[in-house]
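Undergrad: Pasting structure02.cif here (mmCIF, C-alpha atoms):
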```cif
data_upload
loop_
_atom_site.label_atom_id
_atom_site.label_comp_id
_atom_site.auth_asym_id
_atom_site.auth_seq_id
_atom_site.Cartn_x
_atom_site.Cartn_y
_atom_site.Cartn_z
CA MET A 1 -48.52 -4.42 7.90
CA LEU A 2 -45.40 -5.04 5.80
CA ASP A 3 -45.53 -7.88 3.34
CA THR A 4 -42.12 -9.57 3.27
CA ASN A 5 -43.19 -12.62 1.31
CA ASN A 6 -42.63 -11.14 -2.13
CA ASN A 7 -40.01 -8.47 -1.61
CA ARG A 8 -38.07 -9.60 1.43
CA ASP A 9 -34.62 -9.12 -0.16
CA GLU A 10 -35.52 -5.71 -1.52
CA LEU A 11 -36.69 -4.61 1.91
CA ILE A 12 -33.45 -5.86 3.49
CA GLU A 13 -31.51 -3.94 0.86
CA GLN A 14 -33.48 -0.75 1.49
CA TYR A 15 -33.10 -1.12 5.25
CA LEU A 16 -29.35 -1.63 5.17
CA THR A 17 -28.58 0.98 2.55
CA GLY A 18 -30.57 3.68 4.30
CA THR A 19 -33.05 4.07 1.45
CA MET A 20 -36.09 2.88 3.40
CA ALA A 21 -38.77 5.42 4.31
CA PRO A 22 -38.72 6.30 8.04
CA LYS A 23 -42.27 5.01 8.54
CA THR A 24 -41.40 1.67 6.97
CA ILE A 25 -38.23 1.40 9.09
CA LEU A 26 -40.28 1.25 12.30
CA ALA A 27 -42.57 -1.45 10.92
CA PHE A 28 -39.59 -3.38 9.54
CA GLU A 29 -37.72 -3.26 12.84
CA LYS A 30 -40.76 -4.69 14.61
CA LEU A 31 -40.69 -7.53 12.10
CA ILE A 32 -36.96 -8.14 12.67
CA ALA A 33 -37.58 -8.41 16.40
CA LYS A 34 -40.15 -11.15 15.82
CA ASP A 35 -38.66 -13.00 12.84
CA VAL A 36 -35.42 -14.81 13.73
CA SER A 37 -34.73 -15.84 10.15
CA LEU A 38 -35.09 -12.24 8.92
CA ALA A 39 -32.73 -11.04 11.66
CA LYS A 40 -30.24 -13.74 10.61
CA ASP A 41 -30.44 -12.70 6.95
CA ILE A 42 -29.72 -9.11 7.88
CA GLU A 43 -26.79 -10.19 10.01
CA LEU A 44 -25.39 -12.27 7.15
CA PHE A 45 -25.72 -9.34 4.77
CA LYS A 46 -23.77 -7.13 7.20
CA GLN A 47 -21.06 -9.77 7.56
CA LEU A 48 -20.71 -10.17 3.79
CA SER A 49 -20.56 -6.42 3.34
CA ALA A 50 -17.77 -6.21 5.95
CA HIS A 51 -15.95 -9.07 4.22
CA PHE A 52 -15.97 -7.38 0.82
CA ASN A 53 -14.90 -4.08 2.36
CA GLU A 54 -12.12 -5.73 4.38
CA ASP A 55 -13.73 -4.38 7.54
CA TYR A 56 -13.96 -6.17 10.82
CA ILE A 57 -17.25 -7.43 12.21
CA SER A 58 -17.44 -9.46 15.40
CA LEU A 59 -19.10 -12.84 15.74
CA LYS A 60 -22.62 -13.25 17.07
CA GLN A 61 -22.75 -13.17 20.87
CA ASP A 62 -24.14 -16.65 21.50
CA ILE A 63 -21.47 -18.56 19.60
CA ASP A 64 -20.20 -21.70 21.31
CA THR A 65 -16.48 -21.53 22.03
CA THR A 66 -16.32 -24.12 24.83
CA ASP A 67 -13.89 -26.53 23.13
CA LEU A 68 -11.54 -23.80 22.05
CA ASP A 69 -11.67 -22.05 25.45
CA THR A 70 -10.79 -25.35 27.13
CA TYR A 71 -7.82 -25.83 24.82
CA PHE A 72 -6.51 -22.29 25.37
CA ARG A 73 -6.73 -22.83 29.16
CA SER A 74 -4.79 -26.11 28.99
CA ASN A 75 -1.16 -26.46 30.04
CA GLU A 76 -0.33 -27.84 26.61
CA ALA A 77 -1.52 -24.61 24.96
CA LYS A 78 0.25 -22.41 27.50
CA LYS A 79 3.51 -24.29 26.96
CA LEU A 80 3.23 -23.83 23.18
CA LYS A 81 2.45 -20.15 23.65
CA LYS A 82 5.61 -19.74 25.73
CA THR A 83 7.69 -21.54 23.08
CA ILE A 84 6.32 -19.30 20.31
CA GLU A 85 6.96 -16.15 22.36
CA ASN A 86 10.47 -17.19 23.42
CA ILE A 87 11.47 -17.86 19.82
CA GLY A 88 10.05 -14.41 18.99
CA ILE A 89 12.28 -12.78 21.62
CA THR A 90 15.38 -14.61 20.36
CA HIS A 91 14.47 -13.73 16.79
CA THR A 92 14.20 -10.02 17.62
CA SER A 93 17.44 -9.88 19.60
CA LYS A 94 19.33 -11.69 16.82
CA LYS A 95 18.06 -9.13 14.36
CA LYS A 96 19.21 -6.32 16.64
CA PHE A 97 22.63 -7.94 16.92
CA LYS A 98 22.89 -8.04 13.15
CA PHE A 99 22.00 -4.36 12.86
CA PRO A 100 25.53 -2.89 12.92
CA VAL A 101 26.51 -5.27 10.11
CA SER A 102 23.59 -4.01 8.05
CA ILE A 103 24.66 -0.43 8.70
CA ALA A 104 28.20 -1.22 7.62
CA ALA A 105 26.89 -2.75 4.42
CA ALA A 106 24.68 0.26 3.81
CA LEU A 107 27.61 2.63 4.40
CA ILE A 108 29.74 0.78 1.89
CA GLY A 109 26.84 1.05 -0.52
CA LEU A 110 26.64 4.76 0.19
CA PHE A 111 30.30 5.33 -0.58
CA ILE A 112 30.02 3.42 -3.81
CA CYS A 113 27.14 5.35 -5.32
CA VAL A 114 25.85 8.18 -3.16
CA ALA A 115 23.78 9.93 -5.78
CA GLY A 116 22.12 6.85 -7.12
CA TYR A 117 21.38 5.63 -3.62
CA LEU A 118 19.73 8.89 -2.64
CA GLN A 119 17.48 8.95 -5.67
CA PHE A 120 16.47 5.35 -5.07
CA SER A 121 15.90 5.96 -1.38
CA LYS A 122 13.69 9.01 -1.87
CA HIS A 123 11.60 7.21 -4.42
CA ASN A 124 11.23 4.27 -2.08
CA LEU A 125 10.24 6.44 0.85
CA TYR A 126 7.27 7.81 -1.05
CA GLU A 127 6.30 4.30 -2.13
CA ASP A 128 6.71 3.10 1.45
CA TYR A 129 4.71 5.84 3.08
CA TYR A 130 1.89 6.38 0.64
CA THR A 131 -0.77 3.74 0.93
CA GLU A 132 -4.19 3.84 -0.67
CA SER A 133 -5.74 2.58 2.56
CA ASP A 134 -5.04 6.03 4.07
CA LEU A 135 -7.54 7.54 1.67
CA PRO A 136 -10.95 8.20 3.21
CA SER A 137 -13.89 6.01 2.33
CA LEU A 138 -16.76 8.18 1.21
CA VAL A 139 -18.57 6.53 -1.65
CA ALA A 140 -22.33 6.55 -1.23
CA ARG A 141 -24.87 4.88 -3.44
CA SER A 142 -27.20 7.82 -3.07
CA THR A 143 -28.21 9.10 -6.47
CA THR A 144 -27.74 12.70 -5.28
CA ASP A 145 -24.03 12.27 -4.89
CA ASN A 146 -23.01 10.26 -7.92
CA LEU A 147 -20.26 12.66 -8.86
CA SER A 148 -18.27 12.07 -5.67
CA SER A 149 -18.54 8.31 -6.28
CA GLU A 150 -17.27 8.83 -9.80
CA ILE A 151 -14.26 10.81 -8.56
CA VAL A 152 -13.31 8.04 -6.15
CA PHE A 153 -13.91 5.34 -8.72
CA ALA A 154 -11.83 7.10 -11.40
CA TYR A 155 -9.05 7.60 -8.84
CA GLN A 156 -9.10 3.95 -7.84
CA GLU A 157 -8.95 3.00 -11.51
CA LYS A 158 -5.88 5.25 -11.77
CA GLN A 159 -7.59 7.55 -14.29
CA PHE A 160 -6.10 10.59 -12.58
CA SER A 161 -6.87 13.20 -15.26
CA LYS A 162 -10.49 12.09 -15.39
CA ALA A 163 -10.73 12.09 -11.58
CA ASN A 164 -9.21 15.56 -11.52
CA ASN A 165 -11.66 16.95 -14.08
CA LEU A 166 -14.57 15.42 -12.18
CA TYR A 167 -13.25 16.95 -8.95
CA ILE A 168 -13.06 20.41 -10.51
CA THR A 169 -16.63 20.01 -11.80
CA TYR A 170 -17.73 18.87 -8.36
CA ILE A 171 -16.26 21.76 -6.40
CA ASN A 172 -17.69 24.24 -8.89
CA SER A 173 -21.18 22.78 -8.83
CA SER A 174 -21.97 21.14 -5.52
CA SER A 175 -23.46 23.10 -2.67
CA ILE A 176 -22.88 20.30 -0.15
CA PHE A 177 -19.26 19.38 0.23
CA ASN A 178 -17.70 16.44 1.99
CA GLU A 179 -14.31 17.65 3.25
CA ASN A 180 -12.78 14.23 2.67
CA LEU A 181 -12.99 14.95 -1.05
CA PHE A 182 -10.19 17.51 -0.61
CA ILE A 183 -7.92 14.51 -0.10
CA TYR A 184 -9.00 12.91 -3.38
CA GLY A 185 -8.74 16.27 -5.16
CA GLY A 186 -5.25 16.81 -3.78
CA MET A 187 -4.17 13.30 -4.65
CA THR A 188 -5.31 13.67 -8.26
CA TYR A 189 -3.07 16.76 -8.51
CA LEU A 190 -0.22 14.95 -6.78
CA GLU A 191 -0.47 12.01 -9.17
CA LEU A 192 -0.34 14.50 -12.05
CA ASN A 193 2.74 16.08 -10.43
CA GLU A 194 0.95 19.40 -9.95
CA PHE A 195 2.44 19.84 -6.51
CA ASP A 196 1.34 23.40 -5.70
CA LYS A 197 -2.28 22.66 -6.55
CA ALA A 198 -2.15 19.49 -4.48
CA LEU A 199 -0.87 21.47 -1.50
CA ILE A 200 -3.76 23.95 -1.83
CA GLU A 201 -6.33 21.14 -1.59
CA PHE A 202 -4.58 19.52 1.38
CA GLN A 203 -4.35 22.92 3.06
CA LYS A 204 -8.13 23.25 2.67
CA MET A 205 -8.50 19.92 4.48
CA THR A 206 -6.17 21.03 7.28
CA SER A 207 -8.14 24.26 7.79
CA SER A 208 -11.54 22.56 7.61
CA ASN A 209 -13.73 21.73 10.59
CA SER A 210 -13.58 18.04 9.75
CA ILE A 211 -12.69 15.68 12.59
CA ASP A 212 -10.07 14.27 10.21
CA ASN A 213 -8.50 17.60 9.32
CA SER A 214 -5.03 16.42 10.39
CA LYS A 215 -5.09 14.16 7.31
CA GLY A 216 -4.37 17.37 5.39
CA LEU A 217 -1.00 17.62 7.15
CA TRP A 218 -0.05 14.04 6.35
CA PHE A 219 -0.92 14.37 2.68
CA SER A 220 0.94 17.70 2.47
CA ALA A 221 3.95 15.84 3.86
CA LEU A 222 3.58 13.32 1.04
CA VAL A 223 3.71 16.17 -1.49
CA TYR A 224 6.99 17.41 0.00
CA LEU A 225 8.30 13.84 0.09
CA LYS A 226 7.55 13.27 -3.57
CA LYS A 227 8.84 16.74 -4.46
CA GLU A 228 11.95 16.10 -2.34
CA GLU A 229 11.60 19.35 -0.39
CA HIS A 230 13.12 17.97 2.76
CA ILE A 231 13.06 21.14 4.88
CA LEU A 232 9.32 21.65 4.40
CA LEU A 233 8.78 17.90 4.75
CA LYS A 234 10.49 17.87 8.15
CA GLU A 235 8.57 20.97 9.27
CA THR A 236 5.26 19.33 8.37
CA LEU A 237 6.21 16.04 10.00
CA ASN A 238 7.28 17.89 13.15
CA THR A 239 3.84 19.49 13.28
CA ILE A 240 2.19 16.07 12.97
CA VAL A 241 4.26 14.47 15.73
CA GLN A 242 3.32 17.20 18.20
CA LYS A 243 -0.11 15.62 18.76
CA LYS A 244 -0.51 11.89 19.22
CA ASN A 245 -4.00 11.84 17.77
CA ASN A 246 -2.88 13.47 14.52
CA PHE A 247 -3.41 11.22 11.52
CA ASN A 248 -0.48 8.85 10.92
CA HIS A 249 1.40 10.10 13.96
CA LYS A 250 3.47 6.92 14.18
CA LYS A 251 4.29 6.99 10.48
CA ALA A 252 5.41 10.62 10.81
CA VAL A 253 7.74 9.69 13.69
CA SER A 254 9.15 6.80 11.69
CA LEU A 255 9.62 8.91 8.53
CA LEU A 256 11.41 11.62 10.51
CA GLN A 257 13.78 8.98 11.87
CA GLU A 258 14.46 7.68 8.38
CA LEU A 259 15.17 11.19 7.11
CA ASP A 260 17.62 11.81 9.96
CA MET B 1 10.18 -20.00 1.62
CA THR B 2 11.15 -23.56 0.80
CA GLN B 3 7.86 -25.31 0.26
CA LEU B 4 7.50 -28.00 2.83
CA ASN B 5 4.10 -29.63 2.77
CA SER B 6 1.81 -27.23 4.69
CA ASN B 7 0.63 -29.98 6.97
CA ILE B 8 4.22 -30.77 7.97
CA TYR B 9 4.39 -27.22 9.33
CA LEU B 10 1.17 -27.79 11.25
CA LYS B 11 2.42 -30.98 12.88
CA ALA B 12 5.76 -29.40 13.76
CA LEU B 13 4.05 -26.34 15.21
CA LEU B 14 1.85 -28.47 17.42
CA LYS B 15 4.91 -30.33 18.69
CA GLY B 16 6.61 -27.03 19.47
CA ASP B 17 9.45 -27.95 17.07
CA GLU B 18 11.78 -24.97 17.56
CA LYS B 19 13.69 -25.43 14.29
CA VAL B 20 10.52 -25.24 12.23
CA ILE B 21 9.10 -22.34 14.25
CA ILE B 22 12.34 -20.39 13.75
CA LYS B 23 12.07 -21.06 10.02
CA ILE B 24 8.49 -19.76 10.08
CA TYR B 25 9.66 -16.57 11.84
CA ASN B 26 12.53 -16.09 9.39
CA ASP B 27 10.45 -16.72 6.29
CA ILE B 28 7.13 -15.07 7.05
CA LEU B 29 7.49 -12.44 9.80
CA PRO B 30 9.26 -9.88 7.52
CA LYS B 31 6.33 -9.89 5.10
CA VAL B 32 3.83 -9.51 7.93
CA THR B 33 5.90 -6.69 9.46
CA SER B 34 6.00 -4.84 6.17
CA PHE B 35 2.22 -5.12 5.80
CA ILE B 36 1.51 -3.97 9.36
CA LYS B 37 3.99 -1.07 9.22
CA ASN B 38 2.30 0.11 6.05
CA ASN B 39 -1.07 -0.09 7.75
CA LYS B 40 -0.75 2.07 10.86
CA GLY B 41 1.24 -0.43 12.92
CA THR B 42 4.72 -0.91 14.34
CA GLN B 43 7.32 -3.65 14.46
CA GLU B 44 6.06 -4.63 17.94
CA ASP B 45 2.47 -4.82 16.68
CA ALA B 46 3.64 -7.13 13.91
CA GLN B 47 5.46 -9.41 16.33
CA GLU B 48 2.42 -9.61 18.60
CA VAL B 49 0.00 -10.34 15.76
CA PHE B 50 2.34 -12.95 14.30
CA GLN B 51 2.63 -14.78 17.62
CA LYS B 52 -1.12 -14.70 18.17
CA ALA B 53 -1.77 -16.09 14.69
CA LEU B 54 0.65 -18.97 15.29
CA TYR B 55 -0.82 -19.67 18.71
CA GLN B 56 -4.39 -19.61 17.42
CA LEU B 57 -3.35 -21.92 14.62
CA THR B 58 -2.32 -24.54 17.18
CA ALA B 59 -5.91 -24.49 18.48
CA ARG B 60 -7.30 -24.99 15.01
CA ILE B 61 -5.10 -28.04 14.49
CA LYS B 62 -5.79 -29.49 17.89
CA VAL B 63 -9.51 -28.76 18.33
CA ARG B 64 -10.87 -28.12 14.84
CA ASN B 65 -8.94 -30.76 12.82
CA PHE B 66 -7.75 -28.03 10.51
CA GLU B 67 -5.77 -28.68 7.35
CA ILE B 68 -4.30 -26.08 5.03
CA ASN B 69 -5.31 -26.32 1.39
CA SER B 70 -3.10 -23.46 0.17
CA SER B 71 0.51 -22.77 1.13
CA PHE B 72 1.40 -22.36 4.80
CA GLU B 73 2.85 -18.92 4.06
CA ALA B 74 -0.32 -17.72 2.32
CA TYR B 75 -2.46 -19.00 5.16
CA LEU B 76 -0.41 -17.40 7.92
CA PHE B 77 -0.10 -14.07 6.11
CA THR B 78 -3.87 -13.88 5.62
CA ALA B 79 -4.52 -14.85 9.24
CA CYS B 80 -2.16 -12.06 10.37
CA LYS B 81 -3.87 -9.53 8.08
CA ASN B 82 -7.25 -10.46 9.55
CA LEU B 83 -5.96 -10.28 13.10
CA TRP B 84 -4.46 -6.87 12.44
CA ARG B 85 -7.78 -5.63 11.05
CA ARG B 86 -9.39 -6.91 14.24
CA GLU B 87 -6.82 -5.14 16.40
CA LEU B 88 -7.24 -1.85 14.54
CA ASN B 89 -10.98 -2.06 15.02
CA ASN B 90 -10.54 -2.63 18.77
CA ARG B 91 -8.19 0.33 19.01
CA LYS B 92 -10.65 2.52 17.11
CA LYS B 93 -13.35 1.50 19.59
CA GLU B 94 -11.11 2.41 22.49
CA VAL B 95 -10.39 5.85 21.02
CA ARG B 96 -14.09 6.51 20.40
CA ASN B 97 -14.96 4.91 23.73
CA ASP B 98 -17.87 3.19 22.00
CA GLY B 99 -20.48 1.63 24.19
CA VAL B 100 -19.79 -0.66 27.09
CA PHE B 101 -16.62 -2.69 26.93
CA GLU B 102 -17.11 -6.40 27.09
CA LEU B 103 -14.77 -7.99 29.60
CA VAL B 104 -13.37 -10.95 27.74
CA SER B 105 -10.73 -13.39 28.96
CA GLU B 106 -7.66 -13.82 26.81
CA GLU B 107 -8.65 -17.44 26.17
CA HIS B 108 -12.13 -16.51 24.98
CA ASP B 109 -10.78 -13.71 22.83
CA ASN B 110 -8.42 -16.17 21.15
CA SER B 111 -11.31 -18.58 20.59
CA LYS B 112 -13.39 -15.86 18.97
CA ALA B 113 -10.50 -14.88 16.71
CA VAL B 114 -10.16 -18.51 15.60
CA LEU B 115 -13.83 -18.69 14.63
CA GLU B 116 -13.67 -15.31 12.90
CA GLN B 117 -10.84 -16.65 10.75
CA GLU B 118 -13.00 -19.70 9.94
CA ARG B 119 -15.88 -17.43 8.96
CA TRP B 120 -13.51 -15.44 6.73
CA GLU B 121 -12.46 -18.68 5.00
CA LEU B 122 -16.08 -19.76 4.58
CA PHE B 123 -16.92 -16.50 2.79
CA GLU B 124 -13.80 -16.64 0.62
CA GLU B 125 -14.55 -20.21 -0.44
CA LYS B 126 -18.08 -19.31 -1.44
CA ILE B 127 -17.04 -16.16 -3.29
CA VAL B 128 -14.60 -18.25 -5.35
CA GLU B 129 -17.52 -20.49 -6.37
CA LEU B 130 -19.28 -17.53 -8.02
CA SER B 131 -18.69 -16.60 -11.65
CA GLU B 132 -15.99 -14.00 -12.25
CA ASN B 133 -18.65 -11.54 -13.38
CA CYS B 134 -20.61 -12.01 -10.15
CA ARG B 135 -17.49 -11.59 -8.05
CA GLU B 136 -16.58 -8.31 -9.74
CA LEU B 137 -20.12 -7.07 -9.55
CA LEU B 138 -20.45 -7.83 -5.85
CA GLN B 139 -17.09 -6.20 -5.15
CA LEU B 140 -18.44 -2.95 -6.57
CA TYR B 141 -21.88 -3.36 -5.03
CA PHE B 142 -20.60 -3.91 -1.49
CA LYS B 143 -18.13 -1.08 -1.88
CA LYS B 144 -21.20 1.09 -2.54
CA VAL B 145 -20.24 2.04 -6.07
CA SER B 146 -23.26 3.65 -7.73
CA TYR B 147 -25.39 1.65 -10.15
CA LYS B 148 -24.63 4.31 -12.76
CA ILE B 149 -20.95 3.36 -12.69
CA ILE B 150 -21.80 -0.36 -12.62
CA VAL B 151 -23.89 0.12 -15.78
CA GLU B 152 -20.96 1.83 -17.52
CA LYS B 153 -18.39 -0.71 -16.42
CA PHE B 154 -20.40 -3.77 -17.40
CA ASN B 155 -22.17 -2.26 -20.42
CA TYR B 156 -25.60 -3.03 -18.99
CA ALA B 157 -28.67 -1.58 -20.70
CA ASN B 158 -29.74 0.41 -17.66
CA GLU B 159 -29.65 0.63 -13.87
CA ASN B 160 -32.56 -1.78 -13.53
CA THR B 161 -30.60 -4.48 -15.37
CA ALA B 162 -27.62 -3.84 -13.09
CA PHE B 163 -29.87 -4.04 -10.04
CA GLN B 164 -31.35 -7.36 -11.16
CA ARG B 165 -27.92 -8.82 -11.89
CA VAL B 166 -26.52 -7.71 -8.52
CA PHE B 167 -29.61 -9.13 -6.87
CA LYS B 168 -29.11 -12.56 -8.46
CA CYS B 169 -25.41 -12.68 -7.60
CA LYS B 170 -26.08 -11.66 -4.02
CA LYS B 171 -28.78 -14.30 -3.69
CA ARG B 172 -26.48 -16.96 -5.15
CA LEU B 173 -23.76 -16.07 -2.65
CA VAL B 174 -26.14 -16.02 0.30
CA ASP B 175 -27.57 -19.40 -0.75
CA LEU B 176 -24.09 -20.90 -1.07
CA VAL B 177 -23.14 -19.69 2.40
CA LYS B 178 -26.38 -20.88 3.95
CA LEU B 179 -26.04 -24.33 2.41
CA ASP B 180 -22.68 -24.85 4.08
CA LYS B 181 -22.80 -26.68 7.39
CA ARG B 182 -20.50 -24.05 8.95
CA PHE B 183 -23.11 -21.33 8.45
CA GLN B 184 -25.20 -22.14 11.54
CA GLU B 185 -22.15 -22.17 13.75
CA LEU B 186 -20.25 -19.17 12.46
CA CYS B 187 -22.69 -16.61 11.03
#
```
Using the file provided, produce a representation of the structure as structure tokens.
TA:
Amino acid sequence: MLDTNNNRDELIEQYLTGTMAPKTILAFEKLIAKDVSLAKDIELFKQLSAHFNEDYISLKQDIDTTDLDTYFRSNEAKKLKKTIENIGITHTSKKKFKFPVSIAAALIGLFICVAGYLQFSKHNLYEDYYTESDLPSLVARSTTDNLSSEIVFAYQEKQFSKANNLYITYINSSSIFNENLFIYGGMTYLELNEFDKALIEFQKMTSSNSIDNSKGLWFSALVYLKKEEHILLKETLNTIVQKKNNFNHKKAVSLLQELD
Amino acid sequence: MTQLNSNIYLKALLKGDEKVIIKIYNDILPKVTSFIKNNKGTQEDAQEVFQKALYQLTARIKVRNFEINSSFEAYLFTACKNLWRRELNNRKKEVRNDGVFELVSEEHDNSKAVLEQERWELFEEKIVELSENCRELLQLYFKKVSYKIIVEKFNYANENTAFQRVFKCKKRLVDLVKLDKRFQELC
């Protein structure tokens, strides 16, 4: 029988972080089924974890929404909804109407300083299309894989040389490899402006058996974008847009439009 | 955005005051659009999320006696970010075809989103009440950063010290949340 009186929080921690022994898990789950307060603590822990990680977690099933449901069904609410939506439609069409004026302004700008504009635009495109949230999440607290955590941490801290050295050590020493690390490896090279090496790592991701292997294509496109190799960039983007489930398909379509 | 008192926006929104709603669109939608386009979304997604956030806000004013303590812009932007996160999660579920889909009416879905935003605010308020050290520590802990790195970053004597410190901070946060009257309803 598990004793949760003295080490309740530690047991919750072990259970949720996957460090609990399989035998103990069964006993602990029996306890959760019986102990409402323990189940509630575990739920709260999961919700806090999602909050800190900016993940989504739904509400508990039995939550009372009667008052809100009644409001949303009321005519008053429906009328307000219509008003908000109608203003949205007008707002969008006004913006569309203004579009040719914006183009004219941009063209004038282009004639004034073509070279400067292009440099600025290319720089901005990379800034616009690279977002850290596209990087895979792979940090584990397991003591057996500290090095991968260190790579990610150094990268997030923008210590790119350190992250790169750690990555090289990792690929030379680890027998188990998480393919998502190719992305971090490639990004460390890209941040250090070692474009060819970055492409090699992203190519490894593309050729891997990972379910996310199309991420390799997107990150290769980012290399070409930063390097300003527009022909190869367009080729890579055209490959991405061929399949809707490729990573960042919509972004690839949008970037192609901007380049055209 | 010209800073009107946040609660003036709330009253105007509830009245369906078109002038104020247009101002809200003009001032805040571009920022929301930029965020959503940078996070796997489109212009249309941004418009939809923005409208939902405004609509759900009317329910909070009407049913939940809600008042904004920060700026209206900051509130609405955060609500849109949270709604977008929710939408992305739903889309991910659809792609993976996870489990059985719950058939939820639009009204009930809006109600749930309102309460999820309230839960988000409850957690944020309690996190702010922690010491800066605890906040940083819990950020790393929940992001599953190894204790080895936590030891290095905070100059702790060893991993056991880090573990104890994380443990205390976590307990403090949990206690703060549980002491709040909203806990029973929302968590």
Undergrad: Which residues of chain B come within 7 Å of chain A, and for each one, what is the closest pair of atoms and their distance in Å to one decimal, counting all atoms listed in the file, sorted by chain and residue number, as JSON lines?
TA:
```
{"residue": "B:Gly16", "atom": "CA", "partner": "A:Leu80", "partner_atom": "CA", "distance": 6.0}
{"residue": "B:Ile22", "atom": "CA", "partner": "A:Ile87", "partner_atom": "CA", "distance": 6.6}
{"residue": "B:Asn38", "atom": "CA", "partner": "A:Tyr129", "partner_atom": "CA", "distance": 6.9}
{"residue": "B:Lys40", "atom": "CA", "partner": "A:Asn248", "partner_atom": "CA", "distance": 6.8}
{"residue": "B:Gln51", "atom": "CA", "partner": "A:Ile84", "partner_atom": "CA", "distance": 6.4}
{"residue": "B:Tyr55", "atom": "CA", "partner": "A:Lys81", "partner_atom": "CA", "distance": 5.9}
{"residue": "B:Ala59", "atom": "CA", "partner": "A:Leu68", "partner_atom": "CA", "distance": 6.7}
{"residue": "B:Val63", "atom": "CA", "partner": "A:Leu68", "partner_atom": "CA", "distance": 6.5}
{"residue": "B:Arg85", "atom": "CA", "partner": "A:Tyr56", "partner_atom": "CA", "distance": 6.2}
{"residue": "B:Arg86", "atom": "CA", "partner": "A:Tyr56", "partner_atom": "CA", "distance": 5.8}
{"residue": "B:Asn89", "atom": "CA", "partner": "A:Tyr56", "partner_atom": "CA", "distance": 6.6}
{"residue": "B:Glu107", "atom": "CA", "partner": "A:Phe72", "partner_atom": "CA", "distance": 5.4}
{"residue": "B:His108", "atom": "CA", "partner": "A:Asp69", "partner_atom": "CA", "distance": 5.6}
{"residue": "B:Ser111", "atom": "CA", "partner": "A:Leu68", "partner_atom": "CA", "distance": 5.4}
{"residue": "B:Glu116", "atom": "CA", "partner": "A:Leu59", "partner_atom": "CA", "distance": 6.6}
{"residue": "B:Gln139", "atom": "CA", "partner": "A:Phe52", "partner_atom": "CA", "distance": 6.2}
{"residue": "B:Phe142", "atom": "CA", "partner": "A:Ser49", "partner_atom": "CA", "distance": 5.4}
{"residue": "B:Lys143", "atom": "CA", "partner": "A:Asn53", "partner_atom": "CA", "distance": 6.1}
{"residue": "B:Lys144", "atom": "CA", "partner": "A:Arg141", "partner_atom": "CA", "distance": 5.4}
{"residue": "B:Val145", "atom": "CA", "partner": "A:Arg141", "partner_atom": "CA", "distance": 6.0}
{"residue": "B:Ser146", "atom": "CA", "partner": "A:Arg141", "partner_atom": "CA", "distance": 4.7}
{"residue": "B:Glu185", "atom": "CA", "partner": "A:Ile63", "partner_atom": "CA", "distance": 6.9}
{"residue": "B:Cys187", "atom": "CA", "partner": "A:Leu44", "partner_atom": "CA", "distance": 6.4}
```
Undergrad: Could you tell me which of B:Ser34, B:Val114, B:Ile21, B:Ile8 comes closest to Lys52 in chain B if we count only C-alpha atoms?
TA: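 Checking each candidate against Lys52 in chain B, we get B:Val114 as the closest.
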Undergrad: I would like the residues chosen by the PyMOL selection byres ((chain A and resi 201) around 7) on the shown file; could you give them as a VMD selection string?
TA: chain A and resid 182 to 183 185 to 186 197 to 200 202 to 205
Undergrad: Can you tell me how far CA of Leu256 in chain A sits from CA of Leu225 in chain A, in Å to one decimal?
TA: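 If I compute the distance from CA of Leu256 in chain A to CA of Leu225 in chain A, I get 11.1 Å.
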Undergrad: If you apply the PyMOL selection byres ((chain B and resi 168-171) around 9) to this file, what residues do you get, as a PDB file with C-alpha atoms, keeping the file's coordinate frame?
TA:
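expr-v1.pdb, freshly written:
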```
ATOM      1  CA  ASP A   9     -34.620  -9.120  -0.160  1.00  0.00           C
TER       2      ASP A   9
ATOM      3  CA  LEU B 130     -19.280 -17.530  -8.020  1.00  0.00           C
ATOM      4  CA  SER B 131     -18.690 -16.600 -11.650  1.00  0.00           C
ATOM      5  CA  ASN B 133     -18.650 -11.540 -13.380  1.00  0.00           C
ATOM      6  CA  CYS B 134     -20.610 -12.010 -10.150  1.00  0.00           C
ATOM      7  CA  ARG B 135     -17.490 -11.590  -8.050  1.00  0.00           C
ATOM      8  CA  LEU B 137     -20.120  -7.070  -9.550  1.00  0.00           C
ATOM      9  CA  LEU B 138     -20.450  -7.830  -5.850  1.00  0.00           C
ATOM     10  CA  PHE B 163     -29.870  -4.040 -10.040  1.00  0.00           C
ATOM     11  CA  GLN B 164     -31.350  -7.360 -11.160  1.00  0.00           C
ATOM     12  CA  ARG B 165     -27.920  -8.820 -11.890  1.00  0.00           C
ATOM     13  CA  VAL B 166     -26.520  -7.710  -8.520  1.00  0.00           C
ATOM     14  CA  PHE B 167     -29.610  -9.130  -6.870  1.00  0.00           C
ATOM     15  CA  ARG B 172     -26.480 -16.960  -5.150  1.00  0.00           C
ATOM     16  CA  LEU B 173     -23.760 -16.070  -2.650  1.00  0.00           C
ATOM     17  CA  VAL B 174     -26.140 -16.020   0.300  1.00  0.00           C
ATOM     18  CA  ASP B 175     -27.570 -19.400  -0.750  1.00  0.00           C
ATOM     19  CA  LEU B 176     -24.090 -20.900  -1.070  1.00  0.00           C
TER      20      LEU B 176
END
```
Undergrad: Which neighbours of Ile25 in chain A fall inside 12 Å, counting all atoms listed in the file, when residues of the same chain fewer than 4 positions from it are skipped, and could you give them as a list in words?
TA: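 Counting all atoms listed in the file, the residues come to Met1, Leu2, Leu11, Ile12, Glu13, Gln14, Tyr15, Leu16, Thr17, Gly18, Thr19, Met20, Ala21, Glu29, Lys30, Leu31 and Ile32 of chain A.
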